[in-house]
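**Student:** One file is attached below, entry.tsv, containing TSV, C-alpha atoms.
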```
chain	number	residue	atom	x	y	z
A	1	VAL	CA	200.07	93.81	85.01
A	2	LYS	CA	203.59	93.98	86.40
A	3	ILE	CA	203.95	96.97	88.71
A	4	ALA	CA	207.34	98.04	90.08
A	5	ILE	CA	207.38	100.49	92.99
A	6	LEU	CA	210.76	101.99	93.85
A	7	LEU	CA	211.63	102.17	97.55
A	8	TYR	CA	214.52	104.14	99.03
A	9	GLU	CA	215.70	105.47	102.39
A	10	ASN	CA	213.83	108.58	103.57
A	11	MET	CA	210.98	108.23	101.12
A	12	THR	CA	207.45	109.21	102.14
A	13	ALA	CA	205.43	106.07	102.84
A	14	LEU	CA	202.03	107.30	101.64
A	15	ASP	CA	203.47	108.28	98.23
A	16	ALA	CA	203.91	104.58	97.56
A	17	ILE	CA	201.15	103.02	99.66
A	18	GLY	CA	198.31	105.23	98.40
A	19	PRO	CA	198.72	104.17	94.76
A	20	TYR	CA	199.68	100.65	95.86
A	21	GLU	CA	196.34	100.18	97.58
A	22	VAL	CA	194.59	100.87	94.26
A	23	LEU	CA	196.99	99.30	91.74
A	24	SER	CA	197.60	96.06	93.65
A	25	ARG	CA	193.89	95.29	93.27
A	26	LEU	CA	193.92	95.44	89.46
A	27	PRO	CA	193.11	92.11	87.78
A	28	GLY	CA	196.31	90.08	87.51
A	29	ALA	CA	198.42	92.66	89.31
A	30	GLU	CA	201.90	91.58	90.35
A	31	VAL	CA	203.58	94.21	92.49
A	32	SER	CA	207.31	94.31	93.19
A	33	PHE	CA	208.73	96.65	95.80
A	34	VAL	CA	212.18	97.33	94.42
A	35	ALA	CA	215.19	99.04	95.97
A	36	ALA	CA	218.86	99.38	95.05
A	37	GLU	CA	219.31	96.27	97.20
A	38	PRO	CA	216.52	94.10	98.65
A	39	GLY	CA	215.79	94.54	102.34
A	40	LEU	CA	214.05	96.88	104.75
A	41	VAL	CA	213.82	100.54	103.80
A	42	ARG	CA	213.26	103.23	106.43
A	43	THR	CA	210.71	105.91	105.52
A	44	ASP	CA	211.11	109.60	106.24
A	45	THR	CA	209.59	110.07	109.67
A	46	GLY	CA	211.81	107.29	110.95
A	47	PHE	CA	209.28	104.97	112.56
A	48	LEU	CA	208.37	102.71	109.68
A	49	ARG	CA	210.25	100.27	107.49
A	50	LEU	CA	208.83	98.77	104.30
A	51	GLU	CA	210.20	95.63	102.71
A	52	ALA	CA	211.83	95.79	99.29
A	53	THR	CA	211.50	92.23	98.10
A	54	ARG	CA	213.75	92.68	95.11
A	55	GLY	CA	216.84	94.60	94.06
A	56	ILE	CA	216.86	96.69	90.89
A	57	SER	CA	219.07	94.16	89.13
A	58	GLU	CA	216.31	91.55	89.50
A	59	VAL	CA	213.58	93.69	87.91
A	60	PRO	CA	214.62	94.69	84.39
A	61	GLU	CA	211.10	95.51	83.21
A	62	ALA	CA	207.62	96.47	84.32
A	63	ASP	CA	204.31	97.53	82.81
A	64	VAL	CA	203.91	100.28	85.40
A	65	LEU	CA	206.80	102.02	87.14
A	66	LEU	CA	205.96	104.13	90.19
A	67	VAL	CA	208.56	106.41	91.78
A	68	PRO	CA	207.49	107.91	95.13
A	69	GLY	CA	208.92	111.09	96.65
A	70	GLY	CA	210.30	112.17	99.98
A	71	PRO	CA	213.38	113.88	101.41
A	72	GLY	CA	215.49	110.93	100.26
A	73	ASP	CA	214.92	111.86	96.61
A	74	GLU	CA	218.14	113.88	96.55
A	75	ALA	CA	220.35	110.88	97.32
A	76	VAL	CA	218.60	108.81	94.65
A	77	ARG	CA	219.15	111.57	92.08
A	78	SER	CA	222.88	111.09	92.46
A	79	HIS	CA	222.76	107.28	92.44
A	80	ALA	CA	223.79	106.45	88.88
A	81	LYS	CA	222.71	102.80	88.97
A	82	THR	CA	219.18	103.61	90.08
A	83	LEU	CA	218.83	106.33	87.42
A	84	GLU	CA	220.10	103.90	84.79
A	85	TRP	CA	217.58	101.33	86.02
A	86	ILE	CA	214.75	103.88	85.74
A	87	ARG	CA	215.75	104.73	82.16
A	88	GLY	CA	215.92	101.05	81.27
A	89	VAL	CA	212.55	100.13	82.77
A	90	HIS	CA	210.92	103.27	81.37
A	91	GLY	CA	211.90	102.12	77.87
A	92	GLY	CA	209.45	99.24	78.12
A	93	THR	CA	206.68	100.49	80.38
A	94	ARG	CA	203.07	101.12	79.52
A	95	PHE	CA	203.08	103.85	82.18
A	96	THR	CA	205.93	105.58	84.00
A	97	THR	CA	204.63	107.46	87.02
A	98	SER	CA	205.71	109.47	90.02
A	99	VAL	CA	204.20	110.94	93.17
A	100	CYS	CA	205.46	114.09	94.91
A	101	THR	CA	209.22	114.63	94.52
A	102	GLY	CA	209.47	111.28	92.76
A	103	SER	CA	209.20	113.50	89.69
A	104	LEU	CA	212.59	115.04	90.57
A	105	ILE	CA	214.03	111.53	90.34
A	106	LEU	CA	212.33	110.88	87.00
A	107	ALA	CA	213.66	114.24	85.78
A	108	ALA	CA	217.18	113.42	86.96
A	109	ALA	CA	216.93	110.20	84.96
A	110	GLY	CA	216.04	112.25	81.89
A	111	VAL	CA	212.49	110.95	81.64
A	112	LEU	CA	210.83	114.37	81.93
A	113	ASP	CA	213.00	116.40	79.53
A	114	GLY	CA	210.75	119.06	78.03
A	115	LEU	CA	207.57	117.48	79.43
A	116	ARG	CA	204.90	119.15	81.53
A	117	ALA	CA	205.03	117.60	84.98
A	118	THR	CA	204.18	118.20	88.60
A	119	SER	CA	205.66	117.56	92.04
A	120	HIS	CA	205.13	118.60	95.63
A	121	TRP	CA	204.12	122.29	95.48
A	122	THR	CA	207.33	123.32	97.28
A	123	SER	CA	209.48	121.59	94.61
A	124	LEU	CA	208.10	122.93	91.35
A	125	GLU	CA	211.03	125.29	90.71
A	126	GLU	CA	213.50	122.48	91.39
A	127	LEU	CA	211.59	120.42	88.84
A	128	ARG	CA	212.08	123.19	86.29
A	129	ALA	CA	215.82	123.26	87.02
A	130	LEU	CA	215.91	119.56	86.16
A	131	GLY	CA	214.48	120.11	82.69
A	132	ALA	CA	210.73	119.64	83.05
A	133	GLU	CA	208.01	122.22	82.58
A	134	PRO	CA	206.34	122.44	85.99
A	135	THR	CA	202.61	122.89	86.49
A	136	SER	CA	200.56	122.82	89.65
A	137	GLU	CA	197.88	120.49	88.31
A	138	ARG	CA	197.26	117.54	90.63
A	139	VAL	CA	197.84	114.84	88.02
A	140	VAL	CA	199.67	115.53	84.75
A	141	GLU	CA	199.52	113.11	81.81
A	142	GLN	CA	202.06	113.36	79.00
A	143	GLY	CA	201.61	110.27	76.91
A	144	LYS	CA	202.66	107.35	79.07
A	145	VAL	CA	204.37	109.57	81.63
A	146	ILE	CA	202.10	110.55	84.51
A	147	THR	CA	203.25	112.69	87.43
A	148	ALA	CA	201.23	113.51	90.53
A	149	ALA	CA	201.55	116.35	93.05
A	150	GLY	CA	202.35	115.97	96.76
A	151	VAL	CA	201.96	112.73	98.77
A	152	SER	CA	198.19	112.06	98.85
A	153	SER	CA	197.74	112.88	95.14
A	154	GLY	CA	199.02	109.43	94.28
A	155	ILE	CA	195.59	108.01	95.11
A	156	ASP	CA	193.91	110.23	92.51
A	157	MET	CA	196.62	109.36	89.99
A	158	ALA	CA	196.24	105.63	90.62
A	159	LEU	CA	192.49	105.74	90.03
A	160	ARG	CA	193.06	107.42	86.67
A	161	LEU	CA	195.63	104.77	85.85
A	162	ALA	CA	193.21	102.05	86.93
A	163	GLU	CA	190.65	103.37	84.46
A	164	LYS	CA	193.18	103.21	81.61
A	165	ILE	CA	194.22	99.67	82.52
A	166	ALA	CA	190.97	98.04	83.65
A	167	GLY	CA	188.18	100.35	82.49
A	168	ARG	CA	185.93	102.85	84.16
A	169	ASP	CA	183.64	100.45	86.05
A	170	PHE	CA	186.53	98.58	87.62
A	171	ALA	CA	188.25	101.83	88.57
A	172	MET	CA	185.07	103.09	90.21
A	173	ALA	CA	184.80	99.75	92.05
A	174	LEU	CA	188.32	100.27	93.37
A	175	GLN	CA	187.38	103.74	94.57
A	176	LEU	CA	184.32	102.33	96.32
A	177	GLY	CA	186.33	99.42	97.73
A	178	ILE	CA	188.71	101.81	99.48
A	179	GLU	CA	185.74	104.07	100.27
A	180	TYR	CA	187.52	107.06	98.78
A	181	ASP	CA	184.86	109.70	99.37
A	182	PRO	CA	187.20	112.34	100.81
A	183	GLN	CA	185.89	114.63	103.53
A	184	PRO	CA	188.89	116.54	104.84
A	185	PRO	CA	187.97	118.69	107.85
A	186	PHE	CA	189.66	121.77	106.32
A	187	ASP	CA	190.07	123.15	102.83
A	188	ALA	CA	193.80	123.68	103.16
A	189	GLY	CA	195.23	121.04	100.86
A	190	SER	CA	196.90	123.31	98.34
A	191	PRO	CA	198.90	126.54	98.70
A	192	GLY	CA	196.15	128.48	96.92
A	193	LYS	CA	193.53	127.33	99.45
A	194	ALA	CA	195.38	127.32	102.78
A	195	PRO	CA	195.67	130.57	104.78
A	196	PRO	CA	199.00	132.34	104.15
A	197	HIS	CA	200.30	131.76	107.69
A	198	VAL	CA	199.70	128.02	107.24
A	199	VAL	CA	201.57	128.09	103.93
A	200	ASP	CA	204.45	129.75	105.79
A	201	ILE	CA	204.49	127.01	108.46
A	202	VAL	CA	204.93	124.35	105.77
A	203	LYS	CA	207.53	126.33	103.85
A	204	GLY	CA	209.51	126.69	107.09
A	205	VAL	CA	209.36	122.97	107.80
A	206	MET	CA	210.29	122.02	104.24
A	207	ALA	CA	213.24	124.46	104.24
A	208	ARG	CA	214.63	122.68	107.31
B	1	VAL	CA	202.50	111.93	121.86
B	2	LYS	CA	202.88	108.16	121.97
B	3	ILE	CA	201.03	106.56	119.08
B	4	ALA	CA	200.57	102.80	118.84
B	5	ILE	CA	199.45	101.34	115.51
B	6	LEU	CA	198.41	97.70	115.55
B	7	LEU	CA	199.67	95.53	112.69
B	8	TYR	CA	198.45	92.04	111.84
B	9	GLU	CA	198.52	89.58	108.97
B	10	ASN	CA	196.11	90.40	106.13
B	11	MET	CA	195.49	93.95	107.24
B	12	THR	CA	194.96	96.68	104.65
B	13	ALA	CA	198.13	98.79	104.39
B	14	LEU	CA	196.51	102.16	103.65
B	15	ASP	CA	194.29	101.89	106.76
B	16	ALA	CA	197.46	102.28	108.82
B	17	ILE	CA	199.71	104.33	106.51
B	18	GLY	CA	197.17	107.04	105.70
B	19	PRO	CA	196.74	108.13	109.33
B	20	TYR	CA	200.41	107.38	110.04
B	21	GLU	CA	201.50	109.93	107.45
B	22	VAL	CA	199.57	112.61	109.35
B	23	LEU	CA	200.05	111.54	112.98
B	24	SER	CA	203.78	110.78	112.75
B	25	ARG	CA	204.33	114.48	111.90
B	26	LEU	CA	202.71	115.77	115.11
B	27	PRO	CA	205.12	117.61	117.41
B	28	GLY	CA	206.89	115.07	119.61
B	29	ALA	CA	205.21	112.10	117.97
B	30	GLU	CA	206.62	108.68	118.81
B	31	VAL	CA	205.03	105.98	116.71
B	32	SER	CA	205.22	102.27	117.51
B	33	PHE	CA	204.08	99.68	115.01
B	34	VAL	CA	202.92	96.89	117.28
B	35	ALA	CA	201.96	93.29	116.52
B	36	ALA	CA	201.29	90.20	118.62
B	37	GLU	CA	204.99	89.51	118.06
B	38	PRO	CA	207.56	91.86	116.51
B	39	GLY	CA	208.58	91.15	112.93
B	40	LEU	CA	207.35	91.56	109.38
B	41	VAL	CA	203.61	91.54	108.78
B	42	ARG	CA	202.15	90.72	105.38
B	43	THR	CA	199.32	92.98	104.22
B	44	ASP	CA	196.21	91.79	102.44
B	45	THR	CA	197.07	91.91	98.76
B	46	GLY	CA	200.15	89.82	99.53
B	47	PHE	CA	202.92	91.95	98.01
B	48	LEU	CA	203.88	94.15	100.92
B	49	ARG	CA	205.28	93.56	104.37
B	50	LEU	CA	205.42	96.25	107.07
B	51	GLU	CA	207.71	96.01	110.07
B	52	ALA	CA	206.23	95.70	113.55
B	53	THR	CA	209.06	96.99	115.72
B	54	ARG	CA	207.47	95.90	118.97
B	55	GLY	CA	205.32	93.13	120.36
B	56	ILE	CA	202.16	93.93	122.32
B	57	SER	CA	203.81	92.90	125.59
B	58	GLU	CA	206.36	95.72	125.13
B	59	VAL	CA	203.76	98.46	124.65
B	60	PRO	CA	201.47	98.60	127.68
B	61	GLU	CA	200.26	102.14	127.05
B	62	ALA	CA	199.79	104.83	124.41
B	63	ASP	CA	198.22	108.25	124.03
B	64	VAL	CA	196.68	107.27	120.70
B	65	LEU	CA	195.77	103.73	119.73
B	66	LEU	CA	195.01	103.09	116.06
B	67	VAL	CA	193.52	99.78	114.88
B	68	PRO	CA	193.43	99.33	111.10
B	69	GLY	CA	191.10	97.01	109.23
B	70	GLY	CA	191.39	94.38	106.55
B	71	PRO	CA	190.40	90.76	105.90
B	72	GLY	CA	192.66	89.69	108.76
B	73	ASP	CA	190.38	91.38	111.30
B	74	GLU	CA	188.51	88.13	111.88
B	75	ALA	CA	191.58	86.27	113.16
B	76	VAL	CA	192.44	89.15	115.49
B	77	ARG	CA	188.91	89.13	116.89
B	78	SER	CA	189.50	85.63	118.18
B	79	HIS	CA	193.00	86.33	119.52
B	80	ALA	CA	192.38	86.79	123.25
B	81	LYS	CA	195.77	88.30	124.06
B	82	THR	CA	195.46	91.04	121.46
B	83	LEU	CA	191.93	91.89	122.60
B	84	GLU	CA	193.14	92.03	126.19
B	85	TRP	CA	195.99	94.31	125.09
B	86	ILE	CA	193.53	96.62	123.34
B	87	ARG	CA	191.36	96.85	126.46
B	88	GLY	CA	194.41	97.57	128.59
B	89	VAL	CA	195.84	100.27	126.34
B	90	HIS	CA	192.39	101.78	125.79
B	91	GLY	CA	192.09	102.30	129.55
B	92	GLY	CA	194.85	104.91	129.42
B	93	THR	CA	194.56	106.48	125.97
B	94	ARG	CA	193.63	110.02	125.09
B	95	PHE	CA	192.16	108.65	121.86
B	96	THR	CA	191.26	105.11	120.79
B	97	THR	CA	190.71	104.93	117.05
B	98	SER	CA	190.02	102.57	114.19
B	99	VAL	CA	189.88	102.61	110.41
B	100	CYS	CA	187.67	100.35	108.30
B	101	THR	CA	187.02	96.94	109.91
B	102	GLY	CA	189.42	97.85	112.69
B	103	SER	CA	186.17	98.86	114.40
B	104	LEU	CA	185.11	95.19	114.41
B	105	ILE	CA	188.26	94.48	116.41
B	106	LEU	CA	187.55	97.34	118.83
B	107	ALA	CA	184.00	96.03	119.16
B	108	ALA	CA	185.22	92.48	119.83
B	109	ALA	CA	187.42	93.92	122.58
B	110	GLY	CA	184.31	95.53	124.11
B	111	VAL	CA	185.41	99.09	123.42
B	112	LEU	CA	182.37	99.99	121.32
B	113	ASP	CA	179.57	98.54	123.48
B	114	GLY	CA	176.54	100.74	122.94
B	115	LEU	CA	178.52	103.40	121.08
B	116	ARG	CA	177.79	104.86	117.66
B	117	ALA	CA	180.56	103.75	115.33
B	118	THR	CA	181.41	103.16	111.70
B	119	SER	CA	183.34	100.66	109.57
B	120	HIS	CA	183.77	99.73	105.93
B	121	TRP	CA	180.32	100.12	104.36
B	122	THR	CA	180.06	96.38	103.73
B	123	SER	CA	180.64	95.62	107.43
B	124	LEU	CA	178.11	97.85	109.19
B	125	GLU	CA	175.71	95.02	110.04
B	126	GLU	CA	178.56	92.93	111.42
B	127	LEU	CA	179.48	95.91	113.59
B	128	ARG	CA	175.94	95.93	114.96
B	129	ALA	CA	176.15	92.24	115.76
B	130	LEU	CA	179.23	93.01	117.86
B	131	GLY	CA	177.37	95.48	120.06
B	132	ALA	CA	177.94	98.88	118.45
B	133	GLU	CA	175.37	101.16	116.88
B	134	PRO	CA	176.50	101.47	113.23
B	135	THR	CA	176.27	104.64	111.20
B	136	SER	CA	177.55	105.41	107.74
B	137	GLU	CA	179.17	108.74	108.68
B	138	ARG	CA	182.79	108.93	107.52
B	139	VAL	CA	184.27	109.71	110.94
B	140	VAL	CA	182.39	109.10	114.18
B	141	GLU	CA	183.48	110.63	117.48
B	142	GLN	CA	182.15	109.27	120.75
B	143	GLY	CA	184.18	110.90	123.49
B	144	LYS	CA	187.70	109.61	123.10
B	145	VAL	CA	186.67	106.78	120.78
B	146	ILE	CA	186.88	107.70	117.10
B	147	THR	CA	186.04	105.27	114.30
B	148	ALA	CA	186.48	105.90	110.58
B	149	ALA	CA	184.83	104.29	107.55
B	150	GLY	CA	186.64	102.27	104.85
B	151	VAL	CA	190.39	102.42	104.15
B	152	SER	CA	191.03	105.97	102.85
B	153	SER	CA	188.84	107.58	105.53
B	154	GLY	CA	191.69	107.23	107.99
B	155	ILE	CA	193.32	110.30	106.46
B	156	ASP	CA	190.26	112.44	107.23
B	157	MET	CA	190.10	110.99	110.73
B	158	ALA	CA	193.78	111.65	111.38
B	159	LEU	CA	193.43	115.31	110.39
B	160	ARG	CA	190.59	115.73	112.87
B	161	LEU	CA	192.72	114.05	115.52
B	162	ALA	CA	195.64	116.31	114.63
B	163	GLU	CA	193.47	119.35	115.27
B	164	LYS	CA	192.51	118.06	118.71
B	165	ILE	CA	196.13	117.33	119.62
B	166	ALA	CA	198.06	120.16	117.98
B	167	GLY	CA	195.47	122.79	117.06
B	168	ARG	CA	193.80	123.89	113.87
B	169	ASP	CA	196.75	125.71	112.25
B	170	PHE	CA	199.08	122.78	112.69
B	171	ALA	CA	196.45	120.33	111.39
B	172	MET	CA	195.93	122.50	108.31
B	173	ALA	CA	199.71	122.60	107.83
B	174	LEU	CA	199.76	118.80	107.89
B	175	GLN	CA	197.00	118.72	105.25
B	176	LEU	CA	198.98	121.14	103.10
B	177	GLY	CA	202.21	119.23	103.71
B	178	ILE	CA	200.69	116.04	102.30
B	179	GLU	CA	198.91	118.16	99.65
B	180	TYR	CA	195.59	116.60	100.55
B	181	ASP	CA	193.37	118.42	98.08
B	182	PRO	CA	191.51	115.36	96.82
B	183	GLN	CA	190.45	115.23	93.19
B	184	PRO	CA	189.19	111.72	92.55
B	185	PRO	CA	188.37	111.17	88.88
B	186	PHE	CA	184.97	109.68	89.73
B	187	ASP	CA	182.33	110.34	92.37
B	188	ALA	CA	181.99	106.70	93.33
B	189	GLY	CA	183.54	106.61	96.80
B	190	SER	CA	180.45	105.62	98.78
B	191	PRO	CA	177.63	103.16	98.08
B	192	GLY	CA	175.14	106.03	97.85
B	193	LYS	CA	177.16	107.71	95.10
B	194	ALA	CA	178.48	104.82	92.98
B	195	PRO	CA	176.28	103.35	90.23
B	196	PRO	CA	174.39	100.24	91.45
B	197	HIS	CA	176.29	97.87	89.13
B	198	VAL	CA	179.57	99.14	90.62
B	199	VAL	CA	178.23	98.59	94.14
B	200	ASP	CA	177.42	95.02	93.08
B	201	ILE	CA	180.98	94.45	91.81
B	202	VAL	CA	182.40	95.41	95.20
B	203	LYS	CA	179.83	93.39	97.13
B	204	GLY	CA	180.75	90.37	95.03
B	205	VAL	CA	184.46	90.79	95.68
B	206	MET	CA	183.94	91.35	99.41
B	207	ALA	CA	181.71	88.28	99.68
B	208	ARG	CA	184.53	86.15	98.26
```
Transcribe the structure of this file into structure tokens.
**Tutor:**
Amino acid sequence: VKIAILLYENMTALDAIGPYEVLSRLPGAEVSFVAAEPGLVRTDTGFLRLEATRGISEVPEADVLLVPGGPGDEAVRSHAKTLEWIRGVHGGTRFTTSVCTGSLILAAAGVLDGLRATSHWTSLEELRALGAEPTSERVVEQGKVITAAGVSSGIDMALRLAEKIAGRDFAMALQLGIEYDPQPPFDAGSPGKAPPHVVDIVKGVMAR
Amino acid sequence: VKIAILLYENMTALDAIGPYEVLSRLPGAEVSFVAAEPGLVRTDTGFLRLEATRGISEVPEADVLLVPGGPGDEAVRSHAKTLEWIRGVHGGTRFTTSVCTGSLILAAAGVLDGLRATSHWTSLEELRALGAEPTSERVVEQGKVITAAGVSSGIDMALRLAEKIAGRDFAMALQLGIEYDPQPPFDAGSPGKAPPHVVDIVKGVMAR
């Protein structure tokens, strides 16, 4: 299974690394971290760089394409060569996927035209403006196109993908291997569950 | 808040990046990725390198120390300089923390002597042999020493830490910001919940 994960400046690290931790353990997985040019890519909080081992010109195809999100999505959406690469790879994938505002990039590339899709909860209207039909479900499957909501949702998405690729037992083994038995200390992980003043804190931060 | 995250060859990426995604967003957070020597560190499935911006000799202190786990833990446990560094930094931390088999490293450094602690579920007996009192709770607090279970548990641990450092509202805002409203497709994230034949698959893989 050839898996291509797009990296770009100001992306959110967990959007990529959550699914990576699951998908890289699939039988026969070969993962490429791909950027416009190979090299180190700085993630959004500024402290961490991830290595893109290959440039987009070196990776013309993949079985699974994963596009993470993050504040850098806007720059990628106006980078014609990367959008062209996404369209090209998408033509031959078994699954084309995104996490968080990675869906805005897929939409800008034309992959989500008319499809139901999700994104970070603060970006759903922007997703609509780019031609998709937004929904606040955590993981949205439309044929081979799978979009996931904000940041941590990529782990849930990857486990569903693992089931499709390697079967239910193996996917459950991956969940057990990463001991994914979530016990968050609060029940504030979606705008419908968090107290209104907490929702306002996040909206304020995202607006800046 | 000065946060030091230890990196080493053959560590598990999500052990570090899960908590990083939460902790790096604390007010005034300064995160250092620290390794025995600065440079790129290859994580356990072989496809990803993370950048250690500083060597241990450059980071004598931190408010929060985070030690991730992974198959490389064994080599670190016999690396005297790193264990000495951990003891030194631990002396001045507000919180000393681990994810997964990072607790075996803390134990080898003497930090967990006689303390209740946790680790990846396959490593609890090894943790006992190193002088800690193992428990299968997901996050274990013993004064300023906090250990978390396998891989993905670091996110839950980091949210608890965020509450201690920045208060409940801010911690909930971080949970909402990363949209951590987990919806795993299976209920197989701990050995008590997964079907026995799935537990056996993971035990087999871990034994190799």
**Student:** Counting all atoms listed in the file, which residue out of B:Ala29, B:Val34, B:Leu6, B:Val89 sits closest to B:Asp73?
**Tutor:**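 Answer, going by the shortest atom-to-atom distance: B:Leu6.
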**Student:** Under the rule that only C-alpha atoms are counted, which of A:Leu26, A:Val145, A:Ala4, A:Met11 is the nearest residue to A:Ala173?
**Tutor:**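 Nearest candidate to A:Ala173 out of A:Leu26, A:Val145, A:Ala4, A:Met11: A:Leu26.
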**Student:** Separation of atom CA of A:Leu48 and atom CA of B:Arg49, in Å?
**Tutor:** 11.0 Å
**Student:** Hey, can you pull every residue with an atom no more than 12 Å from (183.6, 110.3, 126.6), using only C-alpha atoms, and send it as a PDB file with C-alpha atoms, in the frame of the given file?
**Tutor:**
```
ATOM      1  CA  THR B  93     194.560 106.480 125.970  1.00  0.00           C
ATOM      2  CA  ARG B  94     193.630 110.020 125.090  1.00  0.00           C
ATOM      3  CA  PHE B  95     192.160 108.650 121.860  1.00  0.00           C
ATOM      4  CA  THR B  96     191.260 105.110 120.790  1.00  0.00           C
ATOM      5  CA  VAL B 111     185.410  99.090 123.420  1.00  0.00           C
ATOM      6  CA  LEU B 112     182.370  99.990 121.320  1.00  0.00           C
ATOM      7  CA  LEU B 115     178.520 103.400 121.080  1.00  0.00           C
ATOM      8  CA  ARG B 116     177.790 104.860 117.660  1.00  0.00           C
ATOM      9  CA  GLU B 141     183.480 110.630 117.480  1.00  0.00           C
ATOM     10  CA  GLN B 142     182.150 109.270 120.750  1.00  0.00           C
ATOM     11  CA  GLY B 143     184.180 110.900 123.490  1.00  0.00           C
ATOM     12  CA  LYS B 144     187.700 109.610 123.100  1.00  0.00           C
ATOM     13  CA  VAL B 145     186.670 106.780 120.780  1.00  0.00           C
ATOM     14  CA  ILE B 146     186.880 107.700 117.100  1.00  0.00           C
TER      15      ILE B 146
END
```
**Student:** Give the centre and edge lengths of an axis-aligned box, in Å to one decimal, that holds all listed atoms of stretch 181-193 of chain B with 5 Å on each side, as lines of an AutoDock Vina configuration file.
**Tutor:**
```
center_x = 184.3
center_y = 110.8
center_z = 93.8
size_x = 28.2
size_y = 25.3
size_z = 19.9
```
**Student:** With only C-alpha atoms as the atoms that count, which of B:Ile86, B:Ala75, B:Ile17, B:Ala129 lies nearest to chain A?
**Tutor:**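 The closest residue to chain A is B:Ile17.
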**Student:** Could you jot down the atom CA of B:Leu130 to atom CA of B:Ile56 separation for me, Å, one decimal place?
**Tutor:**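 Distance reported for this atom pair: 23.4 Å.
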**Student:** May I ask for the distance between atom CA of A:Gly46 and atom CA of B:Thr147, given in Å to one decimal place?
**Tutor:**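 Atom CA of B:Thr147 lies at a distance of 26.1 Å from atom CA of A:Gly46.
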**Student:** Of the candidates A:Val41, A:Ala35, A:Val202, A:Ala207, which one gets nearest to B:Ile178 if we count all atoms listed in the file?
**Tutor:**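 The answer is A:Val202, which sits nearest to B:Ile178.
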**Student:** Please list as a VMD selection string every residue within 12 Å of stretch 189-191 of chain B, counting only C-alpha atoms and excluding residues in the same chain fewer than 6 positions away.
**Tutor:** (chain A and resid 156 159 171 to 183) or (chain B and resid 120 to 122 136 to 138 149 to 153 182 to 183 197 to 203)
**Student:** Tell me which residues come within 6 Å of (199.6, 102.2, 120.5), as JSON, numbers by chain, counting all atoms listed in the file in the file's coordinates.
**Tutor:** {"B": [3, 4, 5, 62, 64, 65]}
**Student:** Mind rebuilding stretch 46-55 of chain A with N, CA, C and O atoms and writing that out as a PDB file, keeping the file's coordinate frame?
**Tutor:**
```
ATOM      1  N   GLY A  46     210.892 108.091 110.144  1.00  0.00           N
ATOM      2  CA  GLY A  46     211.810 107.290 110.950  1.00  0.00           C
ATOM      3  C   GLY A  46     211.219 106.106 111.692  1.00  0.00           C
ATOM      4  O   GLY A  46     211.948 105.276 112.229  1.00  0.00           O
ATOM      5  N   PHE A  47     209.895 106.005 111.720  1.00  0.00           N
ATOM      6  CA  PHE A  47     209.280 104.970 112.560  1.00  0.00           C
ATOM      7  C   PHE A  47     208.911 103.706 111.799  1.00  0.00           C
ATOM      8  O   PHE A  47     208.576 102.696 112.395  1.00  0.00           O
ATOM      9  N   LEU A  48     208.930 103.799 110.481  1.00  0.00           N
ATOM     10  CA  LEU A  48     208.370 102.710 109.680  1.00  0.00           C
ATOM     11  C   LEU A  48     209.363 102.197 108.666  1.00  0.00           C
ATOM     12  O   LEU A  48     209.999 102.986 107.954  1.00  0.00           O
ATOM     13  N   ARG A  49     209.472 100.877 108.564  1.00  0.00           N
ATOM     14  CA  ARG A  49     210.250 100.270 107.490  1.00  0.00           C
ATOM     15  C   ARG A  49     209.344  99.419 106.611  1.00  0.00           C
ATOM     16  O   ARG A  49     208.499  98.663 107.102  1.00  0.00           O
ATOM     17  N   LEU A  50     209.551  99.551 105.305  1.00  0.00           N
ATOM     18  CA  LEU A  50     208.830  98.770 104.300  1.00  0.00           C
ATOM     19  C   LEU A  50     209.818  97.783 103.685  1.00  0.00           C
ATOM     20  O   LEU A  50     210.998  98.082 103.547  1.00  0.00           O
ATOM     21  N   GLU A  51     209.312  96.655 103.265  1.00  0.00           N
ATOM     22  CA  GLU A  51     210.200  95.630 102.710  1.00  0.00           C
ATOM     23  C   GLU A  51     210.325  95.746 101.185  1.00  0.00           C
ATOM     24  O   GLU A  51     209.326  95.642 100.465  1.00  0.00           O
ATOM     25  N   ALA A  52     211.558  95.929 100.729  1.00  0.00           N
ATOM     26  CA  ALA A  52     211.830  95.790  99.290  1.00  0.00           C
ATOM     27  C   ALA A  52     212.162  94.328  99.059  1.00  0.00           C
ATOM     28  O   ALA A  52     213.161  93.816  99.552  1.00  0.00           O
ATOM     29  N   THR A  53     211.308  93.672  98.285  1.00  0.00           N
ATOM     30  CA  THR A  53     211.500  92.230  98.100  1.00  0.00           C
ATOM     31  C   THR A  53     212.535  91.932  97.030  1.00  0.00           C
ATOM     32  O   THR A  53     213.070  90.831  96.977  1.00  0.00           O
ATOM     33  N   ARG A  54     212.809  92.923  96.188  1.00  0.00           N
ATOM     34  CA  ARG A  54     213.750  92.680  95.110  1.00  0.00           C
ATOM     35  C   ARG A  54     214.689  93.870  94.892  1.00  0.00           C
ATOM     36  O   ARG A  54     214.325  95.010  95.158  1.00  0.00           O
ATOM     37  N   GLY A  55     215.891  93.557  94.445  1.00  0.00           N
ATOM     38  CA  GLY A  55     216.840  94.600  94.060  1.00  0.00           C
ATOM     39  C   GLY A  55     216.611  95.016  92.621  1.00  0.00           C
ATOM     40  O   GLY A  55     216.013  94.264  91.837  1.00  0.00           O
TER      41      GLY A  55
END
```
